[in-house]
Amino acid sequence: MRRLRQPLPGAQPRLRFEIPPEYIHTEDQATDSDESGRQFGRPGPRMSMQHPLYVGFMGTVGVGLALLVYWIGSNTTQLLLWIVAALFIALGLEPVVGWLENRKVPRPAGILVSVTVLIGAVAGFFATLIPTIVQQVTQIVEQAPTWVRDFIDSDFFRSLDDQFGVRDRINEELDKFVNNPEAMGGIFGGVVGFGSTLANGLFGTLIVLVLSLYFLGALPAMKKWGYRLAPRSRRARVEALSEEITRSVGNYVIGQACVALLNATFAFIVMTIVGVPFALLLAFVVALLAFIPLVGGMIAGIVVVVISLTAGWQTAAAYGVCYFAYLQFEAYFISPRIMQKAVAVPGAVAVISVIAGGSLLGVLGALIAIPTAAAILLLVKEIYIARQDKH
């Protein structure tokens with residue numbers, strides 16, 4: 001063991017990008033530097049900022065930099081979304097790692113435990129879910145011809161066919177579609193496009209997972225670097241505001257995950273009791289939609305109620321009453337207790353931010369909309385309103 005602890009011959013320490021130490025410049029140091037620099041002569045006066053050459057050159061440089069940033073952002077949109085998603089996950093796991101650190105667990109071990117538990121939970125969930133999804137989707141495909149045949153033989157379709165000739169019109173369109181080579185080529189291209197989209201999704205998931213691991217490990221150093229960018233006189237205030245924002249975001253992610261899990265569990269139990277078809281598949285859909293704050297649960301309930309109509313209006317009514325009653329219980333009893341350490345955003349601002357985030361970035365934008373709105377409100381309250389109150 002003593003020999004194992006000794007460094008290998010010729011081994012060098014790993015290079016690390018460290019934060020430079022803080023230097024407090026005094027007047028004596030400034031005087032010494034001026035004296036040492038006199039051998040090259042004193043520096044001349046700076047060019048006036050009102051000089052036409054200075055204004056024109058700096059204006060051109062500013063426009064060029066703005067165009068460069070726009071070009072980089074427009075060509076790396078997917079990468080930026082991956083970075084935002086990874087940072088969001090890292091902030092969500094940070095409270096867990098901090099809790100483990102408070103229990104005397106080293107940070108690397110805490111990160112390893114947190115990521116391992118997360119990956120294990122997701123893998124176990126999908127390992128249990130995928131066979132059932134495949135089975136239920138196969139049942140849907142097998143029952144689809146029967147549903148179509150029953151609809152065609154129904155009195156409603158026959159009356160439409162007698163009045164508008166729907167059957168002949170459908171046959172004509174099918175013949176045109178089959179005999180059109182461009183349409184068949186479009187189907188093949190759609191299959192290829194689906195395959196490439198699936199491959200990109202798997203690759204993006206891997207990238208987000210690796211980035212989340214790196215962000216989680218380097219989060220304290222990243223915070224220190226960010227705080228050092230602020231002036232030393234305002235560094236303490238910047239650090240306090242940033243810590244409050246990151247803490248709120250982390251608690252929000254964990255709280256929303258717990259709320260979505262409870263929502264999906266209750267929905268699965270009710271669907272199993274009242275006899276809604278494809279209960280496990282729909283519970284997975286409910287869990288995904290419940291991650292979207294405010295509107296996600298409502299959308300999930302409507303989707304499941306519509307699908308429940310295939311089993312009868314009594315089944316749909318029973319599920320709808322139970323699920324929407326649970327949404328009210330969740331809003332007044334579950335969410336306030338889970339989210340008491342997370343963000344606090346007014347209802348109107350939350351709805352507007354979710355809609356705006358979903359329009360800009362899709363599901364990811366809807367997920368990060370409320371933490372972003374909370375951060376903006378905190379900054380406005382602590383910076384702008386506090387400054388206005390002094391005037």
# chains A, B, ... in the order shown; residues from 1 in each chain; ligands from 1
>>> residues_around(residues="Val210 in chain A", least_positions_apart="2", cutoff="12 Å", atoms="only C-alpha atoms", output="VMD selection string")
chain A and resid 82 to 83 85 to 87 89 to 90 115 119 203 to 208 212 to 217
>>> closest_atom_pairs(of="range 197-246 of chain A", to="range 365-386 of chain A", cutoff="9 Å", atoms="only C-alpha atoms", output="Markdown table")
| residue | atom | partner | partner_atom | distance |
| --- | --- | --- | --- | --- |
| A:Leu241 | CA | A:Leu379 | CA | 7.7 |
| A:Ser242 | CA | A:Ala375 | CA | 9.0 |
| A:Glu244 | CA | A:Ala375 | CA | 8.8 |
| A:Ile245 | CA | A:Ala375 | CA | 5.8 |
| A:Thr246 | CA | A:Ala375 | CA | 8.9 |
>>> write_last_selection(atoms="N, CA, C and O atoms", output="compact mmCIF listing (two decimals), in the first residue's frame")
# COMPACT_ATOMS: atom_id res chain seq x y z
N LEU A 241 -27.67 36.59 -4.86
CA LEU A 241 -28.77 36.46 -5.81
C LEU A 241 -28.63 35.19 -6.65
O LEU A 241 -29.62 34.48 -6.91
N SER A 242 -27.42 34.89 -7.10
CA SER A 242 -27.22 33.70 -7.93
C SER A 242 -27.50 32.43 -7.15
O SER A 242 -28.11 31.48 -7.69
N GLU A 244 -29.53 32.09 -4.67
CA GLU A 244 -30.98 31.99 -4.48
C GLU A 244 -31.65 31.48 -5.75
O GLU A 244 -32.57 30.63 -5.69
N ILE A 245 -31.21 31.95 -6.91
CA ILE A 245 -31.80 31.52 -8.17
C ILE A 245 -31.53 30.04 -8.42
O ILE A 245 -32.42 29.26 -8.76
N THR A 246 -30.26 29.63 -8.27
CA THR A 246 -29.93 28.22 -8.52
C THR A 246 -30.61 27.29 -7.52
O THR A 246 -31.05 26.19 -7.88
>>> residues_around(residues="range 296-301 of chain A", least_positions_apart="2", cutoff="12 Å", atoms="only C-alpha atoms", output="PyMOL selection string")
chain A and resi 256+259-264+266-268+270-271+282-294+303-308+316-328+330-331+351+354-355+358+363+366-367
>>> write_last_selection(atoms="C-alpha atoms", output="CSV table (one decimal), in the first residue's frame")
chain,number,residue,atom,x,y,z
A,256,GLN,CA,-42.0,19.0,-10.4
A,259,VAL,CA,-45.7,16.1,-8.7
A,260,ALA,CA,-45.6,14.4,-12.1
A,261,LEU,CA,-44.8,11.0,-10.6
A,262,LEU,CA,-47.7,11.3,-8.1
A,263,ASN,CA,-50.0,12.5,-10.9
A,264,ALA,CA,-49.1,9.6,-13.2
A,266,PHE,CA,-53.0,8.3,-9.4
A,267,ALA,CA,-54.0,8.3,-13.1
A,268,PHE,CA,-52.8,4.8,-13.6
A,270,VAL,CA,-58.0,5.2,-11.6
A,271,MET,CA,-57.6,4.0,-15.2
A,282,LEU,CA,-51.6,6.5,-21.1
A,283,ALA,CA,-49.9,6.8,-17.6
A,284,PHE,CA,-46.6,7.3,-19.3
A,285,VAL,CA,-48.2,10.1,-21.4
A,286,VAL,CA,-49.7,11.6,-18.3
A,287,ALA,CA,-46.2,11.6,-16.6
A,288,LEU,CA,-44.6,13.4,-19.6
A,289,LEU,CA,-47.4,16.0,-19.8
A,290,ALA,CA,-47.5,16.6,-16.0
A,291,PHE,CA,-43.9,17.9,-16.2
A,292,ILE,CA,-45.3,20.9,-18.0
A,293,PRO,CA,-46.6,23.2,-15.2
A,294,LEU,CA,-50.1,24.5,-14.9
A,303,VAL,CA,-56.4,13.3,-23.8
A,304,VAL,CA,-57.2,10.4,-21.5
A,305,VAL,CA,-60.9,11.3,-21.3
A,306,VAL,CA,-61.1,11.4,-25.1
A,307,ILE,CA,-59.5,8.0,-25.4
A,308,SER,CA,-61.7,6.6,-22.6
A,316,ALA,CA,-64.8,8.5,-19.5
A,317,ALA,CA,-67.1,10.3,-17.0
A,318,ALA,CA,-65.9,8.3,-14.1
A,319,TYR,CA,-62.2,8.9,-14.9
A,320,GLY,CA,-62.8,12.6,-15.7
A,321,VAL,CA,-64.5,13.3,-12.4
A,322,CYS,CA,-61.8,11.4,-10.4
A,323,TYR,CA,-58.8,12.9,-12.2
A,324,PHE,CA,-60.0,16.5,-12.3
A,325,ALA,CA,-60.9,16.3,-8.6
A,326,TYR,CA,-57.4,15.1,-8.0
A,327,LEU,CA,-56.0,18.1,-9.9
A,328,GLN,CA,-57.8,20.4,-7.5
A,330,GLU,CA,-53.0,18.6,-6.1
A,331,ALA,CA,-53.2,22.3,-6.6
A,351,VAL,CA,-49.3,31.0,-17.6
A,354,VAL,CA,-45.3,28.8,-20.0
A,355,ILE,CA,-47.0,29.7,-23.3
A,358,GLY,CA,-43.4,26.5,-25.3
A,363,VAL,CA,-41.4,21.3,-24.3
A,366,ALA,CA,-42.3,25.2,-21.2
A,367,LEU,CA,-40.3,23.3,-18.5
>>> residues_around(residues="Pro95 in chain A", least_positions_apart="4", cutoff="8 Å", atoms="only C-alpha atoms", output="number ranges by chain")
A: 91, 99, 247, 250-251
>>> write_last_selection(atoms="C-alpha atoms", output="PDB file, in the first residue's frame")
ATOM      1  CA  LEU A  91     -29.280  22.266 -11.205  1.00  0.00           C
ATOM      2  CA  TRP A  99     -27.649  17.073   0.901  1.00  0.00           C
ATOM      3  CA  ARG A 247     -31.435  26.909  -5.283  1.00  0.00           C
ATOM      4  CA  GLY A 250     -33.028  22.957  -8.266  1.00  0.00           C
ATOM      5  CA  ASN A 251     -35.930  22.681  -5.843  1.00  0.00           C
TER       6      ASN A 251
END
>>> atom_distance(atom1="CA of Ile338 in chain A", atom2="CA of Gly120 in chain A")
23.4 Å
>>> closest_residue(among="A:Gly357, A:Ala348, A:Ser335, A:Val69", to="Ile254 in chain A", atoms="only C-alpha atoms")
A:Ser335
>>> select_by_dssp(residues="range 281-345 of chain A", states="helix (DSSP H, G or I)", output="compact mmCIF listing (two decimals) with N, CA and C atoms, in the first residue's frame")
# COMPACT_ATOMS: atom_id res chain seq x y z
N LEU A 281 -49.70 2.71 -20.94
CA LEU A 281 -49.25 3.63 -21.98
C LEU A 281 -49.76 5.05 -21.72
N LEU A 282 -51.01 5.17 -21.34
CA LEU A 282 -51.57 6.50 -21.05
C LEU A 282 -50.97 7.09 -19.78
N ALA A 283 -50.60 6.25 -18.81
CA ALA A 283 -49.94 6.77 -17.61
C ALA A 283 -48.58 7.36 -17.94
N PHE A 284 -47.88 6.75 -18.89
CA PHE A 284 -46.61 7.31 -19.35
C PHE A 284 -46.83 8.67 -20.01
N VAL A 285 -47.88 8.79 -20.81
CA VAL A 285 -48.20 10.08 -21.44
C VAL A 285 -48.55 11.12 -20.39
N VAL A 286 -49.30 10.72 -19.37
CA VAL A 286 -49.66 11.64 -18.29
C VAL A 286 -48.42 12.12 -17.55
N ALA A 287 -47.46 11.22 -17.30
CA ALA A 287 -46.24 11.61 -16.60
C ALA A 287 -45.45 12.63 -17.41
N LEU A 288 -45.37 12.44 -18.73
CA LEU A 288 -44.65 13.41 -19.56
C LEU A 288 -45.34 14.76 -19.57
N LEU A 289 -46.67 14.76 -19.74
CA LEU A 289 -47.39 16.02 -19.81
C LEU A 289 -47.44 16.72 -18.45
N ALA A 290 -47.42 15.95 -17.36
CA ALA A 290 -47.49 16.57 -16.03
C ALA A 290 -46.22 17.34 -15.69
N GLY A 296 -50.13 21.25 -18.16
CA GLY A 296 -49.81 19.87 -18.50
C GLY A 296 -50.82 18.88 -17.97
N GLY A 297 -51.21 19.01 -16.69
CA GLY A 297 -52.19 18.10 -16.12
C GLY A 297 -53.55 18.20 -16.79
N MET A 298 -53.96 19.42 -17.13
CA MET A 298 -55.25 19.60 -17.81
C MET A 298 -55.24 18.95 -19.19
N ILE A 299 -54.15 19.13 -19.94
CA ILE A 299 -54.05 18.51 -21.26
C ILE A 299 -54.06 16.99 -21.14
N ALA A 300 -53.33 16.45 -20.15
CA ALA A 300 -53.30 15.00 -19.96
C ALA A 300 -54.68 14.46 -19.63
N GLY A 301 -55.42 15.17 -18.78
CA GLY A 301 -56.76 14.72 -18.46
C GLY A 301 -57.68 14.70 -19.66
N ILE A 302 -57.61 15.73 -20.49
CA ILE A 302 -58.47 15.77 -21.68
C ILE A 302 -58.12 14.65 -22.65
N VAL A 303 -56.81 14.40 -22.84
CA VAL A 303 -56.38 13.33 -23.76
C VAL A 303 -56.90 11.98 -23.30
N VAL A 304 -56.75 11.69 -22.00
CA VAL A 304 -57.19 10.39 -21.49
C VAL A 304 -58.71 10.27 -21.52
N VAL A 305 -59.44 11.34 -21.25
CA VAL A 305 -60.90 11.30 -21.31
C VAL A 305 -61.38 11.02 -22.73
N VAL A 306 -60.75 11.63 -23.72
CA VAL A 306 -61.13 11.39 -25.12
C VAL A 306 -60.89 9.93 -25.49
N ILE A 307 -59.74 9.38 -25.07
CA ILE A 307 -59.46 7.97 -25.38
C ILE A 307 -60.40 7.05 -24.60
N SER A 308 -60.81 7.47 -23.40
CA SER A 308 -61.71 6.64 -22.59
C SER A 308 -63.09 6.52 -23.22
N LEU A 309 -63.44 7.41 -24.12
CA LEU A 309 -64.75 7.32 -24.77
C LEU A 309 -64.89 6.06 -25.60
N THR A 310 -63.77 5.47 -26.02
CA THR A 310 -63.84 4.20 -26.77
C THR A 310 -64.36 3.06 -25.90
N ALA A 311 -64.25 3.18 -24.58
CA ALA A 311 -64.77 2.16 -23.67
C ALA A 311 -66.15 2.51 -23.13
N TRP A 313 -69.10 6.10 -22.45
CA TRP A 313 -69.13 7.43 -21.84
C TRP A 313 -69.12 7.32 -20.31
N GLN A 314 -69.61 6.20 -19.76
CA GLN A 314 -69.58 6.05 -18.32
C GLN A 314 -68.14 5.96 -17.81
N THR A 315 -67.29 5.22 -18.54
CA THR A 315 -65.88 5.12 -18.16
C THR A 315 -65.19 6.47 -18.24
N ALA A 316 -65.46 7.19 -19.33
CA ALA A 316 -64.84 8.51 -19.49
C ALA A 316 -65.30 9.47 -18.41
N ALA A 317 -66.59 9.43 -18.07
CA ALA A 317 -67.11 10.33 -17.03
C ALA A 317 -66.52 10.00 -15.67
N ALA A 318 -66.42 8.71 -15.35
CA ALA A 318 -65.86 8.32 -14.05
C ALA A 318 -64.40 8.74 -13.94
N TYR A 319 -63.64 8.50 -15.00
CA TYR A 319 -62.22 8.91 -14.94
C TYR A 319 -62.08 10.42 -14.87
N GLY A 320 -62.87 11.13 -15.68
CA GLY A 320 -62.78 12.59 -15.70
C GLY A 320 -63.08 13.20 -14.34
N VAL A 321 -64.13 12.71 -13.67
CA VAL A 321 -64.49 13.25 -12.35
C VAL A 321 -63.37 13.00 -11.34
N CYS A 322 -62.84 11.77 -11.32
CA CYS A 322 -61.79 11.44 -10.35
C CYS A 322 -60.51 12.22 -10.64
N TYR A 323 -60.10 12.29 -11.92
CA TYR A 323 -58.82 12.92 -12.23
C TYR A 323 -58.85 14.42 -12.02
N PHE A 324 -59.91 15.08 -12.47
CA PHE A 324 -59.97 16.53 -12.32
C PHE A 324 -60.19 16.93 -10.86
N ALA A 325 -60.84 16.07 -10.09
CA ALA A 325 -60.90 16.31 -8.64
C ALA A 325 -59.51 16.20 -8.02
N TYR A 326 -58.73 15.22 -8.51
CA TYR A 326 -57.36 15.11 -8.00
C TYR A 326 -56.52 16.33 -8.36
N LEU A 327 -56.72 16.90 -9.56
CA LEU A 327 -55.98 18.11 -9.94
C LEU A 327 -56.25 19.25 -8.97
N GLN A 328 -57.50 19.38 -8.52
CA GLN A 328 -57.79 20.41 -7.53
C GLN A 328 -57.11 20.11 -6.19
N PHE A 329 -57.13 18.84 -5.78
CA PHE A 329 -56.45 18.45 -4.54
C PHE A 329 -54.95 18.69 -4.66
N GLU A 330 -54.39 18.37 -5.82
CA GLU A 330 -52.96 18.59 -6.05
C GLU A 330 -52.61 20.07 -6.00
N ALA A 331 -53.46 20.91 -6.57
CA ALA A 331 -53.17 22.34 -6.64
C ALA A 331 -53.18 23.00 -5.26
N TYR A 332 -54.04 22.50 -4.35
CA TYR A 332 -54.20 23.18 -3.06
C TYR A 332 -53.49 22.47 -1.90
N PHE A 333 -53.14 21.19 -2.05
CA PHE A 333 -52.57 20.46 -0.93
C PHE A 333 -51.20 19.85 -1.24
N ILE A 334 -51.03 19.27 -2.43
CA ILE A 334 -49.78 18.56 -2.74
C ILE A 334 -48.71 19.53 -3.22
N SER A 335 -49.02 20.29 -4.28
CA SER A 335 -48.02 21.19 -4.85
C SER A 335 -47.51 22.24 -3.86
N PRO A 336 -48.37 22.89 -3.07
CA PRO A 336 -47.82 23.88 -2.12
C PRO A 336 -46.83 23.28 -1.13
N ARG A 337 -47.04 22.03 -0.71
CA ARG A 337 -46.13 21.43 0.26
C ARG A 337 -44.83 20.97 -0.40
N ILE A 338 -44.93 20.48 -1.63
CA ILE A 338 -43.72 20.04 -2.33
C ILE A 338 -42.91 21.23 -2.82
>>> atom_distance(atom1="CA of Ser248 in chain A", atom2="CA of Ser353 in chain A")
16.6 Å
>>> closest_residue(among="A:His51, A:Val96, A:Ile130, A:Asn200", to="Val117 in chain A", atoms="only C-alpha atoms")
A:Val96
>>> closest_residue(among="A:Arg46, A:Phe278, A:Pro346, A:Leu68", to="Gln139 in chain A", atoms="only C-alpha atoms")
A:Phe278
>>> closest_residue(among="A:Ala230, A:Val274, A:Leu53, A:Ala218", to="Arg107 in chain A", atoms="only C-alpha atoms")
A:Ala218
